Amino acid sequence: MGDAAKEMYELQKVDLTWAKVRQRLLEIQKLLGETEQLRQVRARVSETESELQSWRGKQKDAEFESRSLAERIQSADEQLMGGTIHNPKELEALQANVDSMRRHRAQLEDSAVEAMLLADGLDAQLDELRQSLEKLEKEWASGQTDLRVQETKMKQNYVLLKRKREALAADMSPDTLNRYEQMRRRRGGVAVARVVNGDCEACHVQMPTGVISALQSNRDELVVCTSCGRYLFQA
Ligand SMILES: [Zn+2]
């Protein structure tokens with residue numbers, strides 16, 4: 001007869017490590033892929049780009065309209081000075097038209113300047129956003145490489161532990177294996193606990209001397225903790 005508690009304890013070590021590796025693999029797989037921050041900054045870059053384009057368009061439209069108005073003002077001025085119109089009412093109307101065009105042109109110049117200031121501000125913002133996007137993308141890419149390396153390592157560990165588990169389980173009697181599996185399901189994955197300085201390592205309760213002597217005298221019988229009910233293993 002082998003030491004059933006020792007066998008269980010060795011198997012449990014592998015199982016606990018295996019569970020940690022599986023957990024880490026799931027975490028890594030969650031981290032692989034684009035981050036929320038990266039998506040947000042990228043969206044802000046494209047929003048700012050289209051806003052900038054819209055204000056540059058408004059600026060150009062106002063400048064264009066202002067220039068064509070300037071030409072019309074010039075030709076009207078030439079008519080006024082040219083001496084070809086003698087009718088005072090006609091002259092007065094033409095003068096009023098020129099005045100109105102000048103006022104309109106002043107408004108257009110104002111809007112053009114306003115649009116230009118806004119667009120310049122957006123330009124500067126866009127520069128900053130693009131820089132932070134570039135930085136984030138670089139960090140993200142290098143993080144992804146690290147994660148891929150870790151993922152590969154964890155997958156290899158996972159397979160190794162699986163094989164080790166199978167080998168250990170194959171060496172155990174079906175009865176011991178069965179008792180181990182049932183106990184670990186009932187006790188949160190921990191079926192066996194070492195006794196350290198007379199305490200159960202899982203629940204930290206001091207074991208009665210009867211339990212300790214049972215452990216030391218008979219290594220083939222399974223002894224359970226009087227507090228948490230787990231199998232005990234005397235290292
Ligand atoms: Zn215990």
# chains A, B, ... in the order shown; residues from 1 in each chain; ligands from 1

call {"tool": "residues_around", "arguments": {"residues": "stretch 41-46 of chain A", "least_positions_apart": "6", "cutoff": "9 Å", "atoms": "only C-alpha atoms", "output": "short mmCIF file (atom, residue, chain, number, x, y, z; two decimals) with C-alpha atoms, in the first residue's frame"}}
result
data_model
loop_
_atom_site.label_atom_id
_atom_site.label_comp_id
_atom_site.auth_asym_id
_atom_site.auth_seq_id
_atom_site.Cartn_x
_atom_site.Cartn_y
_atom_site.Cartn_z
CA LEU A 126 -5.24 67.36 -33.63
CA LEU A 129 -4.15 63.84 -30.29
CA ARG A 130 -2.17 62.27 -33.12
CA SER A 132 -0.80 60.53 -28.07
CA LEU A 133 -2.44 58.06 -30.46
CA LEU A 136 -0.56 54.53 -27.35
#

call {"tool": "residues_around", "arguments": {"residues": "stretch 137-145 of chain A", "least_positions_apart": "3", "cutoff": "9 Å", "atoms": "only C-alpha atoms", "output": "number ranges by chain"}}
result
A: 31-35, 38, 132-134, 148-150

call {"tool": "write_last_selection", "arguments": {"atoms": "C-alpha atoms", "output": "mmCIF file, in the first residue's frame"}}
result
data_model
loop_
_atom_site.group_PDB
_atom_site.id
_atom_site.type_symbol
_atom_site.label_atom_id
_atom_site.label_comp_id
_atom_site.auth_asym_id
_atom_site.auth_seq_id
_atom_site.Cartn_x
_atom_site.Cartn_y
_atom_site.Cartn_z
ATOM 1 C CA LEU A 31 -5.975 41.468 -22.706
ATOM 2 C CA LEU A 32 -5.188 40.527 -26.279
ATOM 3 C CA GLY A 33 -6.954 42.867 -28.675
ATOM 4 C CA GLU A 34 -7.548 46.623 -28.792
ATOM 5 C CA THR A 35 -8.000 48.573 -25.584
ATOM 6 C CA LEU A 38 -7.024 53.225 -27.911
ATOM 7 C CA SER A 132 -0.801 60.530 -28.075
ATOM 8 C CA LEU A 133 -2.437 58.060 -30.458
ATOM 9 C CA GLU A 134 0.952 57.185 -31.910
ATOM 10 C CA ARG A 148 1.707 36.654 -27.135
ATOM 11 C CA VAL A 149 4.989 35.356 -25.695
ATOM 12 C CA GLN A 150 3.312 34.800 -22.302
#

call {"tool": "closest_residue", "arguments": {"among": "A:Ala19, A:Arg187, A:Asp3, A:Glu128", "to": "A:Gln216", "atoms": "only C-alpha atoms"}}
result
A:Asp3

call {"tool": "atom_distance", "arguments": {"atom1": "atom CA of A:Leu16", "atom2": "atom CA of A:Gly188"}}
result
10.8 Å

call {"tool": "atom_distance", "arguments": {"atom1": "atom CA of A:Ile28", "atom2": "atom CA of A:Ala191"}}
result
28.3 Å

call {"tool": "closest_atom_pairs", "arguments": {"of": "chain A", "to": "ligand 1", "cutoff": "9 Å", "atoms": "only C-alpha atoms and all ligand atoms", "output": "Markdown table"}}
result
| residue | atom | partner | partner_atom_place_in_ligand_line | distance |
| --- | --- | --- | --- | --- |
| A:Val192 | CA | ligand 1 | 1 (Zn) | 8.9 |
| A:Ala193 | CA | ligand 1 | 1 (Zn) | 6.9 |
| A:Arg194 | CA | ligand 1 | 1 (Zn) | 9.0 |
| A:Val195 | CA | ligand 1 | 1 (Zn) | 8.8 |
| A:Asp199 | CA | ligand 1 | 1 (Zn) | 7.8 |
| A:Cys200 | CA | ligand 1 | 1 (Zn) | 4.6 |
| A:Glu201 | CA | ligand 1 | 1 (Zn) | 6.6 |
| A:Ala202 | CA | ligand 1 | 1 (Zn) | 5.1 |
| A:Cys203 | CA | ligand 1 | 1 (Zn) | 4.2 |
| A:His204 | CA | ligand 1 | 1 (Zn) | 6.4 |
| A:Val205 | CA | ligand 1 | 1 (Zn) | 6.2 |
| A:Gln206 | CA | ligand 1 | 1 (Zn) | 8.5 |
| A:Met207 | CA | ligand 1 | 1 (Zn) | 8.3 |
| A:Val224 | CA | ligand 1 | 1 (Zn) | 7.9 |
| A:Cys225 | CA | ligand 1 | 1 (Zn) | 4.7 |
| A:Thr226 | CA | ligand 1 | 1 (Zn) | 6.7 |
| A:Ser227 | CA | ligand 1 | 1 (Zn) | 5.0 |
| A:Cys228 | CA | ligand 1 | 1 (Zn) | 4.0 |
| A:Gly229 | CA | ligand 1 | 1 (Zn) | 6.0 |
| A:Arg230 | CA | ligand 1 | 1 (Zn) | 5.8 |
| A:Tyr231 | CA | ligand 1 | 1 (Zn) | 8.2 |
| A:Leu232 | CA | ligand 1 | 1 (Zn) | 7.9 |

call {"tool": "closest_residue", "arguments": {"among": "A:Met116, A:Val98, A:Leu122, A:Ile212", "to": "A:Arg56", "atoms": "only C-alpha atoms"}}
result
A:Met116

call {"tool": "atom_distance", "arguments": {"atom1": "atom CA of A:Glu181", "atom2": "atom CA of A:Asp15"}}
result
10.8 Å

call {"tool": "closest_residue", "arguments": {"among": "A:Trp18, A:Ala93, A:Gln79, A:Ser66", "to": "A:Gln107", "atoms": "only C-alpha atoms"}}
result
A:Ser66

call {"tool": "residues_around", "arguments": {"residues": "A:Lys164", "least_positions_apart": "4", "cutoff": "12 Å", "atoms": "only C-alpha atoms", "output": "NGL selection string"}}
result
:A and (10-15 or 17-18 or 157-160 or 168-171)

call {"tool": "residues_around", "arguments": {"residues": "A:Val113", "least_positions_apart": "4", "cutoff": "12 Å", "atoms": "only C-alpha atoms", "output": "mmCIF file with N, CA and C atoms, in the first residue's frame"}}
result
data_model
loop_
_atom_site.group_PDB
_atom_site.id
_atom_site.type_symbol
_atom_site.label_atom_id
_atom_site.label_comp_id
_atom_site.auth_asym_id
_atom_site.auth_seq_id
_atom_site.Cartn_x
_atom_site.Cartn_y
_atom_site.Cartn_z
ATOM 1 N N TRP A 55 -14.536 73.617 -40.449
ATOM 2 C CA TRP A 55 -14.201 75.029 -40.206
ATOM 3 C C TRP A 55 -13.295 75.606 -41.280
ATOM 4 N N ARG A 56 -12.384 74.771 -41.819
ATOM 5 C CA ARG A 56 -11.539 75.249 -42.932
ATOM 6 C C ARG A 56 -12.420 75.551 -44.142
ATOM 7 N N LYS A 58 -15.600 76.534 -44.057
ATOM 8 C CA LYS A 58 -16.316 77.793 -43.785
ATOM 9 C C LYS A 58 -15.396 78.999 -44.011
ATOM 10 N N GLN A 59 -14.148 78.843 -43.584
ATOM 11 C CA GLN A 59 -13.165 79.920 -43.754
ATOM 12 C C GLN A 59 -12.969 80.227 -45.244
ATOM 13 N N LYS A 60 -12.761 79.168 -46.060
ATOM 14 C CA LYS A 60 -12.526 79.352 -47.501
ATOM 15 C C LYS A 60 -13.739 79.964 -48.194
ATOM 16 N N ASP A 61 -14.934 79.492 -47.819
ATOM 17 C CA ASP A 61 -16.158 80.032 -48.420
ATOM 18 C C ASP A 61 -16.261 81.525 -48.155
ATOM 19 N N ALA A 62 -16.023 81.931 -46.889
ATOM 20 C CA ALA A 62 -16.124 83.346 -46.521
ATOM 21 C C ALA A 62 -15.066 84.162 -47.250
ATOM 22 N N GLU A 63 -13.845 83.610 -47.369
ATOM 23 C CA GLU A 63 -12.778 84.330 -48.076
ATOM 24 C C GLU A 63 -13.110 84.496 -49.560
ATOM 25 N N SER A 66 -15.860 87.011 -49.993
ATOM 26 C CA SER A 66 -15.322 88.336 -49.727
ATOM 27 C C SER A 66 -14.545 88.860 -50.931
ATOM 28 N N ALA A 106 -17.347 93.286 -44.690
ATOM 29 C CA ALA A 106 -16.725 93.357 -43.358
ATOM 30 C C ALA A 106 -17.187 92.184 -42.496
ATOM 31 N N GLN A 107 -18.489 91.852 -42.614
ATOM 32 C CA GLN A 107 -19.017 90.708 -41.868
ATOM 33 C C GLN A 107 -18.347 89.397 -42.311
ATOM 34 N N LEU A 108 -18.196 89.289 -43.644
ATOM 35 C CA LEU A 108 -17.569 88.073 -44.179
ATOM 36 C C LEU A 108 -16.131 87.930 -43.696
ATOM 37 N N GLU A 109 -15.415 89.051 -43.644
ATOM 38 C CA GLU A 109 -14.033 89.015 -43.168
ATOM 39 C C GLU A 109 -13.974 88.558 -41.715
ATOM 40 N N LEU A 117 -9.430 81.089 -36.746
ATOM 41 C CA LEU A 117 -8.963 80.909 -35.368
ATOM 42 C C LEU A 117 -9.400 79.553 -34.809
ATOM 43 N N LEU A 118 -10.672 79.219 -35.036
ATOM 44 C CA LEU A 118 -11.179 77.927 -34.568
ATOM 45 C C LEU A 118 -10.425 76.771 -35.220
ATOM 46 N N ALA A 119 -10.222 76.883 -36.528
ATOM 47 C CA ALA A 119 -9.534 75.817 -37.263
ATOM 48 C C ALA A 119 -8.094 75.672 -36.783
ATOM 49 N N ASP A 120 -7.426 76.816 -36.530
ATOM 50 C CA ASP A 120 -6.039 76.750 -36.034
ATOM 51 C C ASP A 120 -5.974 76.057 -34.673
#

call {"tool": "select_by_dssp", "arguments": {"residues": "chain A", "states": "strand (DSSP E or B)", "output": "ChimeraX atom specification"}}
result
/A:192-196,199-200,206,224,231-233

call {"tool": "closest_residue", "arguments": {"among": "A:Gln37, A:Gln95, A:Thr209, A:Gln74", "to": "A:Asn197", "atoms": "only C-alpha atoms"}}
result
A:Thr209

call {"tool": "closest_residue", "arguments": {"among": "A:Leu161, A:Ala235, A:Ala115, A:Met154", "to": "A:Val196", "atoms": "only C-alpha atoms"}}
result
A:Ala235

call {"tool": "select_by_dssp", "arguments": {"residues": "stretch 161-226 of chain A", "states": "helix (DSSP H, G or I)", "output": "ChimeraX atom specification"}}
result
/A:161-171,174-186,209-217
